[in-house]
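Raw data_3.tsv, TSV, C-alpha atoms:
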chain	number	residue	atom	x	y	z
A	77	MET	CA	-150.46	-3.45	224.21
A	78	GLU	CA	-152.75	-1.07	222.34
A	79	THR	CA	-155.10	-2.70	219.85
A	80	ARG	CA	-156.80	-1.45	216.73
A	81	ARG	CA	-159.78	-2.55	214.65
A	82	LEU	CA	-158.39	-3.99	211.42
A	83	GLY	CA	-160.72	-2.31	209.00
A	84	ARG	CA	-163.90	-4.04	207.94
A	85	THR	CA	-162.70	-7.40	209.24
A	86	GLY	CA	-163.68	-6.18	212.70
A	87	LEU	CA	-160.67	-8.04	214.11
A	88	GLU	CA	-158.97	-6.38	217.08
A	89	VAL	CA	-155.23	-6.56	216.46
A	90	THR	CA	-152.23	-5.36	218.42
A	91	ARG	CA	-150.46	-2.43	216.78
A	92	LEU	CA	-147.35	-4.62	216.56
A	93	GLY	CA	-147.65	-7.86	214.63
A	94	PHE	CA	-145.03	-10.57	214.30
A	95	GLY	CA	-143.79	-11.25	210.76
A	96	LEU	CA	-141.98	-14.52	210.19
A	97	ALA	CA	-140.27	-13.42	206.97
A	98	GLU	CA	-137.33	-12.11	208.98
A	99	ILE	CA	-136.87	-15.44	210.76
A	100	GLU	CA	-136.57	-17.15	207.39
A	101	ARG	CA	-134.23	-14.46	206.08
A	102	GLN	CA	-131.96	-14.40	209.11
A	103	GLU	CA	-131.64	-18.17	209.09
A	104	ARG	CA	-130.95	-18.20	205.34
A	105	TYR	CA	-128.15	-15.65	205.63
A	106	GLY	CA	-126.80	-17.02	208.91
A	107	TYR	CA	-127.65	-13.77	210.69
A	108	GLY	CA	-129.13	-13.83	214.18
A	109	ASP	CA	-129.77	-16.74	216.52
A	110	ALA	CA	-131.43	-19.46	214.45
A	111	SER	CA	-131.70	-21.70	217.49
A	112	GLY	CA	-134.01	-19.18	219.16
A	113	SER	CA	-136.85	-19.22	216.62
A	114	ASN	CA	-139.14	-21.45	218.67
A	115	ARG	CA	-138.58	-19.44	221.81
A	116	VAL	CA	-139.02	-16.05	220.15
A	117	LEU	CA	-142.36	-17.10	218.68
A	118	GLU	CA	-143.63	-18.19	222.10
A	119	GLU	CA	-142.36	-14.97	223.66
A	120	ALA	CA	-144.06	-12.85	221.01
A	121	LEU	CA	-147.39	-14.24	222.20
A	122	ASP	CA	-146.36	-14.00	225.85
A	123	GLY	CA	-145.49	-10.34	225.24
A	124	GLY	CA	-149.01	-9.58	224.05
A	125	ILE	CA	-148.67	-9.75	220.26
A	126	THR	CA	-151.83	-11.25	218.76
A	127	PHE	CA	-151.06	-11.33	215.02
A	128	LEU	CA	-148.76	-13.78	213.20
A	129	ASP	CA	-147.96	-13.30	209.52
A	130	THR	CA	-146.16	-15.88	207.41
A	131	ALA	CA	-146.15	-17.30	203.87
A	132	ALA	CA	-145.92	-20.62	202.10
A	133	CYS	CA	-142.52	-19.59	200.71
A	134	TYR	CA	-140.94	-18.50	204.02
A	135	ALA	CA	-139.00	-21.76	204.32
A	136	ASN	CA	-140.26	-23.79	207.30
A	137	THR	CA	-141.98	-20.94	209.18
A	138	GLU	CA	-145.49	-22.36	208.74
A	139	GLU	CA	-144.25	-25.62	210.22
A	140	LEU	CA	-142.64	-23.61	213.03
A	141	ILE	CA	-146.05	-22.16	213.90
A	142	GLY	CA	-147.64	-25.59	213.82
A	143	LYS	CA	-144.93	-27.11	215.97
A	144	THR	CA	-144.57	-24.27	218.47
A	145	VAL	CA	-147.87	-22.46	219.01
A	146	ALA	CA	-150.67	-24.49	217.39
A	147	HIS	CA	-151.91	-25.35	220.88
A	148	ARG	CA	-152.38	-21.60	221.49
A	149	ARG	CA	-154.46	-21.03	218.33
A	150	ASP	CA	-157.16	-19.03	220.14
A	151	GLU	CA	-154.54	-16.45	221.23
A	152	TYR	CA	-153.58	-15.12	217.81
A	153	ILE	CA	-154.88	-14.05	214.42
A	154	LEU	CA	-153.19	-16.05	211.69
A	155	ALA	CA	-152.35	-14.72	208.23
A	156	THR	CA	-150.43	-16.40	205.45
A	157	LYS	CA	-149.70	-15.84	201.76
A	158	CYS	CA	-150.01	-17.97	198.66
A	159	GLY	CA	-149.43	-18.08	194.92
A	160	HIS	CA	-145.81	-19.12	194.47
A	161	VAL	CA	-144.68	-22.65	193.66
A	162	VAL	CA	-142.57	-23.65	196.64
A	163	GLU	CA	-140.08	-26.42	197.27
A	164	GLY	CA	-141.75	-29.81	197.36
A	165	THR	CA	-144.68	-28.77	195.16
A	166	THR	CA	-145.31	-28.67	191.42
A	167	GLY	CA	-147.47	-26.59	189.13
A	168	GLU	CA	-147.60	-23.07	187.76
A	169	PRO	CA	-147.47	-19.93	189.92
A	170	TRP	CA	-150.69	-18.00	190.37
A	171	ASN	CA	-153.08	-20.52	188.88
A	172	ALA	CA	-156.10	-21.76	190.82
A	173	ALA	CA	-154.68	-25.22	191.50
A	174	THR	CA	-151.48	-23.79	192.99
A	175	ILE	CA	-153.39	-21.38	195.20
A	176	GLU	CA	-155.77	-24.08	196.43
A	177	GLU	CA	-152.92	-26.49	197.08
A	178	SER	CA	-150.99	-23.79	198.93
A	179	ILE	CA	-153.91	-22.96	201.23
A	180	ASP	CA	-154.53	-26.63	202.04
A	181	ARG	CA	-150.83	-27.13	202.69
A	182	SER	CA	-150.74	-24.11	204.99
A	183	LEU	CA	-153.64	-25.47	207.03
A	184	ARG	CA	-151.85	-28.79	207.45
A	185	ARG	CA	-148.49	-27.28	208.29
A	186	MET	CA	-149.90	-24.87	210.87
A	187	LYS	CA	-152.22	-27.52	212.34
A	188	THR	CA	-155.36	-25.43	212.13
A	189	ASP	CA	-158.77	-25.83	210.55
A	190	HIS	CA	-158.96	-22.23	209.34
A	191	LEU	CA	-156.88	-19.20	208.51
A	192	ASP	CA	-157.94	-15.72	209.50
A	193	ILE	CA	-156.49	-13.99	206.44
A	194	VAL	CA	-155.16	-15.39	203.15
A	195	GLN	CA	-153.18	-13.04	200.92
A	196	PRO	CA	-151.85	-13.46	197.37
A	197	HIS	CA	-148.14	-12.87	197.69
A	198	SER	CA	-147.14	-9.90	195.51
A	199	PRO	CA	-148.51	-10.88	192.09
A	200	ASP	CA	-148.03	-8.32	189.34
A	201	LEU	CA	-150.88	-6.30	187.93
A	202	ASP	CA	-151.32	-8.32	184.73
A	203	THR	CA	-151.61	-11.54	186.72
A	204	LEU	CA	-154.17	-10.02	189.05
A	205	GLU	CA	-156.30	-8.69	186.23
A	206	ARG	CA	-156.73	-12.18	184.72
A	207	GLY	CA	-159.08	-12.94	187.62
A	208	GLU	CA	-158.01	-16.50	188.43
A	209	ILE	CA	-156.39	-15.49	191.72
A	210	VAL	CA	-159.50	-13.75	192.99
A	211	GLU	CA	-161.78	-16.61	191.96
A	212	ALA	CA	-159.63	-19.17	193.78
A	213	LEU	CA	-159.48	-17.05	196.93
A	214	VAL	CA	-163.23	-16.47	196.97
A	215	ARG	CA	-163.79	-20.24	196.72
A	216	ALA	CA	-161.44	-20.80	199.66
A	217	LYS	CA	-163.39	-18.29	201.73
A	218	MET	CA	-166.72	-19.86	200.80
A	219	ALA	CA	-165.32	-23.26	201.82
A	220	GLY	CA	-164.49	-21.90	205.29
A	221	LYS	CA	-160.73	-22.21	204.86
A	222	THR	CA	-160.22	-18.52	205.60
A	223	ARG	CA	-162.30	-15.87	207.29
A	224	PHE	CA	-161.04	-12.92	205.27
A	225	LEU	CA	-159.12	-12.10	202.10
A	226	GLY	CA	-156.14	-9.78	202.14
A	227	PHE	CA	-153.67	-8.55	199.56
A	228	SER	CA	-149.92	-8.41	200.09
A	229	GLY	CA	-148.19	-6.21	197.55
A	230	ASP	CA	-147.19	-2.80	196.34
A	231	ASN	CA	-147.41	-0.16	193.63
A	232	GLU	CA	-149.94	-0.63	190.80
A	233	ALA	CA	-151.00	-4.10	191.93
A	234	ALA	CA	-151.81	-2.79	195.41
A	235	ARG	CA	-153.91	0.01	193.96
A	236	TRP	CA	-155.85	-2.46	191.81
A	237	ALA	CA	-156.44	-4.71	194.82
A	238	VAL	CA	-157.76	-1.82	196.91
A	239	ASN	CA	-160.10	-0.67	194.15
A	240	SER	CA	-161.35	-4.18	193.36
A	241	GLY	CA	-163.62	-4.38	196.40
A	242	VAL	CA	-162.52	-7.99	197.01
A	243	PHE	CA	-159.92	-7.59	199.72
A	244	ASP	CA	-160.51	-6.84	203.38
A	245	THR	CA	-156.91	-5.99	204.26
A	246	LEU	CA	-153.86	-4.56	202.53
A	247	GLN	CA	-150.33	-5.48	203.53
A	248	THR	CA	-147.94	-3.05	201.87
A	249	THR	CA	-144.48	-1.57	202.27
A	250	PHE	CA	-144.05	1.65	204.21
A	251	ASN	CA	-141.12	3.11	206.11
A	252	LEU	CA	-139.03	6.26	206.37
A	253	VAL	CA	-137.21	5.57	203.06
A	254	ASP	CA	-140.13	3.85	201.29
A	255	GLN	CA	-143.02	6.31	201.57
A	256	ARG	CA	-144.86	5.83	198.29
A	257	ALA	CA	-147.93	4.38	200.06
A	258	ARG	CA	-148.83	7.83	201.40
A	259	ASP	CA	-149.28	8.98	197.80
A	260	GLY	CA	-152.95	8.02	197.61
A	261	LEU	CA	-152.77	4.31	198.51
A	262	PHE	CA	-153.47	4.74	202.22
A	263	VAL	CA	-156.32	7.15	201.52
A	264	ALA	CA	-157.96	4.79	199.02
A	265	ALA	CA	-157.71	1.83	201.39
A	266	GLN	CA	-159.04	3.78	204.34
A	267	ALA	CA	-161.99	5.08	202.27
A	268	ARG	CA	-163.04	1.44	201.70
A	269	ASP	CA	-162.46	0.48	205.33
A	270	ILE	CA	-159.64	-1.86	204.33
A	271	GLY	CA	-157.34	-2.74	207.22
A	272	ILE	CA	-153.79	-1.47	206.62
A	273	ILE	CA	-150.87	-3.69	207.62
A	274	VAL	CA	-147.38	-2.28	207.10
A	275	LYS	CA	-144.51	-4.57	206.16
A	276	ARG	CA	-140.82	-3.60	206.38
A	277	PRO	CA	-141.49	-0.75	208.86
A	278	LEU	CA	-137.83	-0.71	209.91
A	279	ALA	CA	-136.45	-0.63	206.35
A	280	ASN	CA	-134.44	-3.70	207.34
A	281	GLY	CA	-132.87	-1.63	210.14
A	282	MET	CA	-130.73	0.34	207.69
A	283	TRP	CA	-131.21	3.87	209.11
A	284	GLY	CA	-127.97	4.85	210.80
A	285	LYS	CA	-126.05	1.91	209.31
A	286	ASP	CA	-123.10	2.06	206.92
A	287	ARG	CA	-123.43	-1.46	205.54
A	288	ALA	CA	-126.12	-4.05	204.96
A	289	ALA	CA	-126.08	-7.33	206.85
A	290	TYR	CA	-127.34	-9.16	203.75
A	291	ALA	CA	-127.89	-8.41	200.08
A	292	TYR	CA	-131.66	-8.05	200.46
A	293	ALA	CA	-131.17	-4.79	202.38
A	294	GLU	CA	-128.75	-3.13	199.95
A	295	GLN	CA	-131.49	-1.15	198.15
A	296	TYR	CA	-132.65	0.33	201.45
A	297	LEU	CA	-129.10	1.22	202.42
A	298	THR	CA	-128.75	3.15	199.16
A	299	ARG	CA	-131.91	5.11	199.94
A	300	VAL	CA	-130.79	5.78	203.50
A	301	ARG	CA	-127.54	7.28	202.21
A	302	GLU	CA	-129.45	9.58	199.86
A	303	MET	CA	-131.84	10.79	202.55
A	304	ALA	CA	-129.08	11.17	205.14
A	305	ARG	CA	-126.98	13.51	202.99
A	306	ALA	CA	-128.85	16.49	204.46
A	307	GLY	CA	-127.47	15.67	207.90
A	308	PRO	CA	-129.19	14.81	211.20
A	309	VAL	CA	-132.98	14.86	211.18
A	310	PRO	CA	-134.21	17.71	213.40
A	311	GLY	CA	-136.11	16.45	216.42
A	312	ALA	CA	-135.26	12.80	215.74
A	313	PRO	CA	-134.63	10.46	218.70
A	314	ASP	CA	-131.14	9.03	219.04
A	315	ASP	CA	-132.40	5.46	218.65
A	316	PRO	CA	-132.80	4.70	214.90
A	317	ILE	CA	-135.29	1.88	215.62
A	318	LEU	CA	-137.48	4.25	217.62
A	319	LEU	CA	-137.24	6.77	214.77
A	320	SER	CA	-138.23	4.14	212.22
A	321	MET	CA	-141.14	2.72	214.20
A	322	GLY	CA	-142.28	6.11	215.42
A	323	PHE	CA	-142.36	7.40	211.86
A	324	VAL	CA	-144.64	4.57	210.71
A	325	PHE	CA	-147.04	4.90	213.64
A	326	ALA	CA	-147.18	8.67	213.22
A	327	HIS	CA	-149.46	7.95	210.25
A	328	PRO	CA	-152.98	7.35	211.59
A	329	GLU	CA	-153.99	5.24	208.58
A	330	VAL	CA	-151.68	2.44	209.75
A	331	ASP	CA	-153.49	-0.19	211.80
A	332	MET	CA	-150.55	-2.49	212.44
A	333	ALA	CA	-146.87	-2.91	211.58
A	334	LEU	CA	-145.13	-6.25	211.21
A	335	VAL	CA	-141.71	-6.65	212.79
A	336	GLY	CA	-139.87	-9.95	212.84
A	337	THR	CA	-136.70	-11.24	214.44
A	338	ASN	CA	-135.24	-14.36	215.98
A	339	ASN	CA	-133.36	-12.28	218.54
A	340	LEU	CA	-135.13	-12.21	221.89
A	341	ALA	CA	-133.55	-8.95	223.00
A	342	HIS	CA	-134.72	-7.21	219.84
A	343	LEU	CA	-138.22	-8.62	220.25
A	344	ARG	CA	-138.47	-7.43	223.85
A	345	SER	CA	-137.19	-3.99	222.89
A	346	ASN	CA	-139.73	-3.69	220.07
A	347	ILE	CA	-142.61	-4.64	222.36
A	348	LYS	CA	-141.47	-2.17	225.01
A	349	MET	CA	-141.24	0.65	222.48
A	350	VAL	CA	-144.78	0.05	221.26
A	351	GLU	CA	-146.11	-0.15	224.81
A	352	MET	CA	-144.47	3.18	225.62
A	353	GLY	CA	-146.22	4.92	222.74
A	354	LEU	CA	-143.51	5.39	220.07
A	355	TYR	CA	-143.83	9.17	220.23
A	356	ILE	CA	-141.52	11.13	217.95
A	357	ARG	CA	-141.69	14.86	217.28
A	358	ALA	CA	-143.77	16.11	214.36
A	359	GLU	CA	-140.82	18.06	213.01
A	360	ALA	CA	-138.90	14.79	212.50
A	361	VAL	CA	-141.81	13.26	210.58
A	362	ASP	CA	-142.21	16.39	208.47
A	363	GLU	CA	-138.50	16.46	207.66
A	364	LEU	CA	-138.52	12.81	206.60
A	365	HIS	CA	-141.49	13.55	204.34
A	366	ARG	CA	-139.62	16.51	202.85
A	367	ARG	CA	-136.45	14.55	202.19
A	368	PHE	CA	-138.29	11.66	200.59
A	369	ASP	CA	-140.25	14.00	198.34
A	370	GLU	CA	-137.04	15.75	197.37
A	371	VAL	CA	-134.76	12.80	196.56
A	372	GLY	CA	-137.16	9.86	196.28
A	373	SER	CA	-139.91	11.19	194.04
A	374	ASP	CA	-139.29	8.38	191.55
A	375	TRP	CA	-138.68	5.60	194.09
A	376	PRO	CA	-141.35	2.86	193.87
A	377	GLN	CA	-142.26	0.65	196.77
A	378	LEU	CA	-139.66	-2.10	197.04
A	379	LEU	CA	-141.02	-5.59	196.38

Let me see whether you can do it: turn the structure in this file into C-alpha cells.
Amino acid sequence: METRRLGRTGLEVTRLGFGLAEIERQERYGYGDASGSNRVLEEALDGGITFLDTAACYANTEELIGKTVAHRRDEYILATKCGHVVEGTTGEPWNAATIEESIDRSLRRMKTDHLDIVQPHSPDLDTLERGEIVEALVRAKMAGKTRFLGFSGDNEAARWAVNSGVFDTLQTTFNLVDQRARDGLFVAAQARDIGIIVKRPLANGMWGKDRAAYAYAEQYLTRVREMARAGPVPGAPDDPILLSMGFVFAHPEVDMALVGTNNLAHLRSNIKMVEMGLYIRAEAVDELHRRFDEVGSDWPQLL
C-alpha cells in the first residue's frame, strides 16, 4: 500500500488508516458483526495498514488493541485521544489530571510503553484557549509517554490548534458532504507541515442511501439528500464508496484517511480500492465542490 510522510512527524503512514470508532459504534447500535472485531483488527495489519486510531471513550477498543495486537506493536503507529471523563473514571473533563490519567490508562489498556500520537478529543475553542490541555500534553511528551502531539477536532478549534504551533498532526472531518476543511484549514496546516488525517471520509456511507443505519448518521443523510437533488454526478463511478474515498484522496493535502469497520468484507474492499489507486474523474470532484458550495455554504464540520 502507498505510504505518505505524515507532516513534520516524519512518520511514514499508509494512506489508509484504521479507525476504531466505527467498531465501537457498530457494536453499540448492533450493526455489523461484533464477533469479528478481533479478527478484523488483525486483518487490517495483515492487509498492510500501519496506523491505528482509537480513543479513551471508544468503549473497549483500547483494550481490544492490547488484547489482540499488542504483540505486533512494532508493525503499527498508534494514536489515541483524551480529555473526556469515561466510564470507570472520575474528575472533570479537560483538566490536567483527567488528561494525565487518560494517557496513563491508555498505555495500560493497550499494553505499550509509549504512544505515537496523543490528541485532545474535540474540545471547544474556549477550553483550548485556557491552556491547561496544551500544558498537560506537553508534559506527557516530555515524560516520553507520546512521541508527538496531534489535535482531533473541527471548525474554530481546529484552526486555533493549527495556528498554535503546538500540534504535529491534525485529525479533522472531510468528505463529499462535509467539505469545510478545504476553506483554508488544509492550506494552513500544510503551510506548517502539519500531517493531515481525515476522519469520516465515507460520510458514514450515506451517499446513495435512503436511510441511516443509526441516528449518528442522520445529519449526513440530510446533506446527501440536498446535494443529490441535482441528479447524478457527472463522471462519478457507480460505486458510492469508491466515489467517497476517491473524492477525499483527490485532495493532495490529505496524508491519510481513517476508515473503520468490523466487517471483514468491507475491510478487504477498502484496502483493495486504495491499492488500486482510487482514481475518479476530475469532473466528478469539481461537481461535488460546486454542489457543496451552492447548498452547503453554511454547513460547519460535523463534530

TODO: Considering all atoms listed in the file, return as a ChimeraX atom specification whatever protein or nucleic-acid residues lie within 12 Å of Gln255 in chain A, sequence-local ones (same chain, fewer than 6 positions apart) excluded.
DONE: /A:230-231,248-249,261-262,274-277,279,296,299,320,323-324,327,361,364-378

Interface rows for range 198-317 of chain A against range 86-95 of chain A: nearest pair, Å to one decimal, 12 Å, all atoms listed in the file, as a Markdown table:
| residue | atom | partner | partner_atom | distance |
| --- | --- | --- | --- | --- |
| A:Arg223 | CA | A:Leu87 | CA | 10.5 |
| A:Phe224 | CA | A:Leu87 | CA | 10.1 |
| A:Asp244 | CA | A:Gly86 | CA | 9.9 |
| A:Thr245 | CA | A:Leu87 | CA | 10.7 |
| A:Gln247 | CA | A:Gly95 | CA | 11.3 |
| A:Asp269 | CA | A:Gly86 | CA | 10.0 |
| A:Ile270 | CA | A:Gly86 | CA | 10.2 |
| A:Gly271 | CA | A:Gly86 | CA | 9.1 |
| A:Ile272 | CA | A:Arg91 | CA | 10.7 |
| A:Ile273 | CA | A:Gly93 | CA | 8.8 |
| A:Val274 | CA | A:Gly93 | CA | 9.4 |
| A:Lys275 | CA | A:Gly95 | CA | 8.1 |
| A:Arg276 | CA | A:Gly95 | CA | 9.3 |
| A:Pro277 | CA | A:Leu92 | CA | 10.4 |

Open item on the list: I'd like the contact shell of Thr203 in chain A - 9 Å cut-off, all atoms listed in the file, skipping same-chain residues fewer than 5 positions apart - returned as a ChimeraX atom specification.
Closed with: /A:170,208-209

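Our summary of the geometry notes that CA of Asp254 in chain A is positioned 27.3 Å from CA of Leu117 in chain A.
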
Mind checking which residues fall within 9 Å of range 129-133 of chain A, counting only C-alpha atoms, ignoring those fewer than 4 positions away in the same chain, and posting them as a PDB file with C-alpha atoms, in the frame of the given file?
ATOM      1  CA  GLY A  93    -147.650  -7.860 214.630  1.00  0.00           C
ATOM      2  CA  PHE A  94    -145.030 -10.570 214.300  1.00  0.00           C
ATOM      3  CA  GLY A  95    -143.790 -11.250 210.760  1.00  0.00           C
ATOM      4  CA  LEU A  96    -141.980 -14.520 210.190  1.00  0.00           C
ATOM      5  CA  ALA A  97    -140.270 -13.420 206.970  1.00  0.00           C
ATOM      6  CA  THR A 137    -141.980 -20.940 209.180  1.00  0.00           C
ATOM      7  CA  GLU A 138    -145.490 -22.360 208.740  1.00  0.00           C
ATOM      8  CA  ILE A 153    -154.880 -14.050 214.420  1.00  0.00           C
ATOM      9  CA  LEU A 154    -153.190 -16.050 211.690  1.00  0.00           C
ATOM     10  CA  ALA A 155    -152.350 -14.720 208.230  1.00  0.00           C
ATOM     11  CA  THR A 156    -150.430 -16.400 205.450  1.00  0.00           C
ATOM     12  CA  LYS A 157    -149.700 -15.840 201.760  1.00  0.00           C
ATOM     13  CA  CYS A 158    -150.010 -17.970 198.660  1.00  0.00           C
ATOM     14  CA  GLY A 159    -149.430 -18.080 194.920  1.00  0.00           C
ATOM     15  CA  HIS A 160    -145.810 -19.120 194.470  1.00  0.00           C
ATOM     16  CA  VAL A 161    -144.680 -22.650 193.660  1.00  0.00           C
ATOM     17  CA  VAL A 162    -142.570 -23.650 196.640  1.00  0.00           C
ATOM     18  CA  GLU A 163    -140.080 -26.420 197.270  1.00  0.00           C
ATOM     19  CA  SER A 178    -150.990 -23.790 198.930  1.00  0.00           C
ATOM     20  CA  ILE A 179    -153.910 -22.960 201.230  1.00  0.00           C
ATOM     21  CA  ARG A 181    -150.830 -27.130 202.690  1.00  0.00           C
ATOM     22  CA  SER A 182    -150.740 -24.110 204.990  1.00  0.00           C
ATOM     23  CA  GLN A 195    -153.180 -13.040 200.920  1.00  0.00           C
ATOM     24  CA  HIS A 197    -148.140 -12.870 197.690  1.00  0.00           C
ATOM     25  CA  LEU A 334    -145.130  -6.250 211.210  1.00  0.00           C
TER      26      LEU A 334
END

Open item on the list: I want to know what sits within 9 Å of Arg115 in chain A, based on all atoms listed in the file, with residues of the same chain fewer than 4 positions away left out; could you give that as a list in words?
Closed with: Ser111, Glu119, Ala120, Thr144, Asn338 and Leu340 of chain A

Task: Counting all atoms listed in the file, the residue of A:Glu351, A:Asp180, A:Glu98, A:Glu205 that sits nearest Tyr290 in chain A - done: A:Glu98

Open item on the list: At a cut-off of 7 Å, using all atoms listed in the file, what residues contact Met282 in chain A? Leave out same-chain residues fewer than 5 positions from it and give the result as a list in words.
Closed with: Ala288, Tyr296, Leu297 and Val300 of chain A

Next, the residues of the selection above should be written as an mmCIF file, in the coordinates of the input with C-alpha atoms.
data_model
loop_
_atom_site.group_PDB
_atom_site.id
_atom_site.type_symbol
_atom_site.label_atom_id
_atom_site.label_comp_id
_atom_site.auth_asym_id
_atom_site.auth_seq_id
_atom_site.Cartn_x
_atom_site.Cartn_y
_atom_site.Cartn_z
ATOM 1 C CA ALA A 288 -126.120 -4.050 204.960
ATOM 2 C CA TYR A 296 -132.650 0.330 201.450
ATOM 3 C CA LEU A 297 -129.100 1.220 202.420
ATOM 4 C CA VAL A 300 -130.790 5.780 203.500
#

TODO: For CA of Arg287 in chain A and CA of Pro316 in chain A, quote the distance in Å rounded to one decimal.
DONE: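 Separation between CA of Arg287 in chain A and CA of Pro316 in chain A: 14.6 Å.
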
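Relative to CA of Arg80 in chain A, CA of Arg357 in chain A is found at 22.2 Å.
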
TODO: Counting all atoms listed in the file, figure out which residue out of A:Leu191, A:Ala173, A:Ala304, A:Ala291 gets nearest to Ala219 in chain A.
DONE: A:Leu191
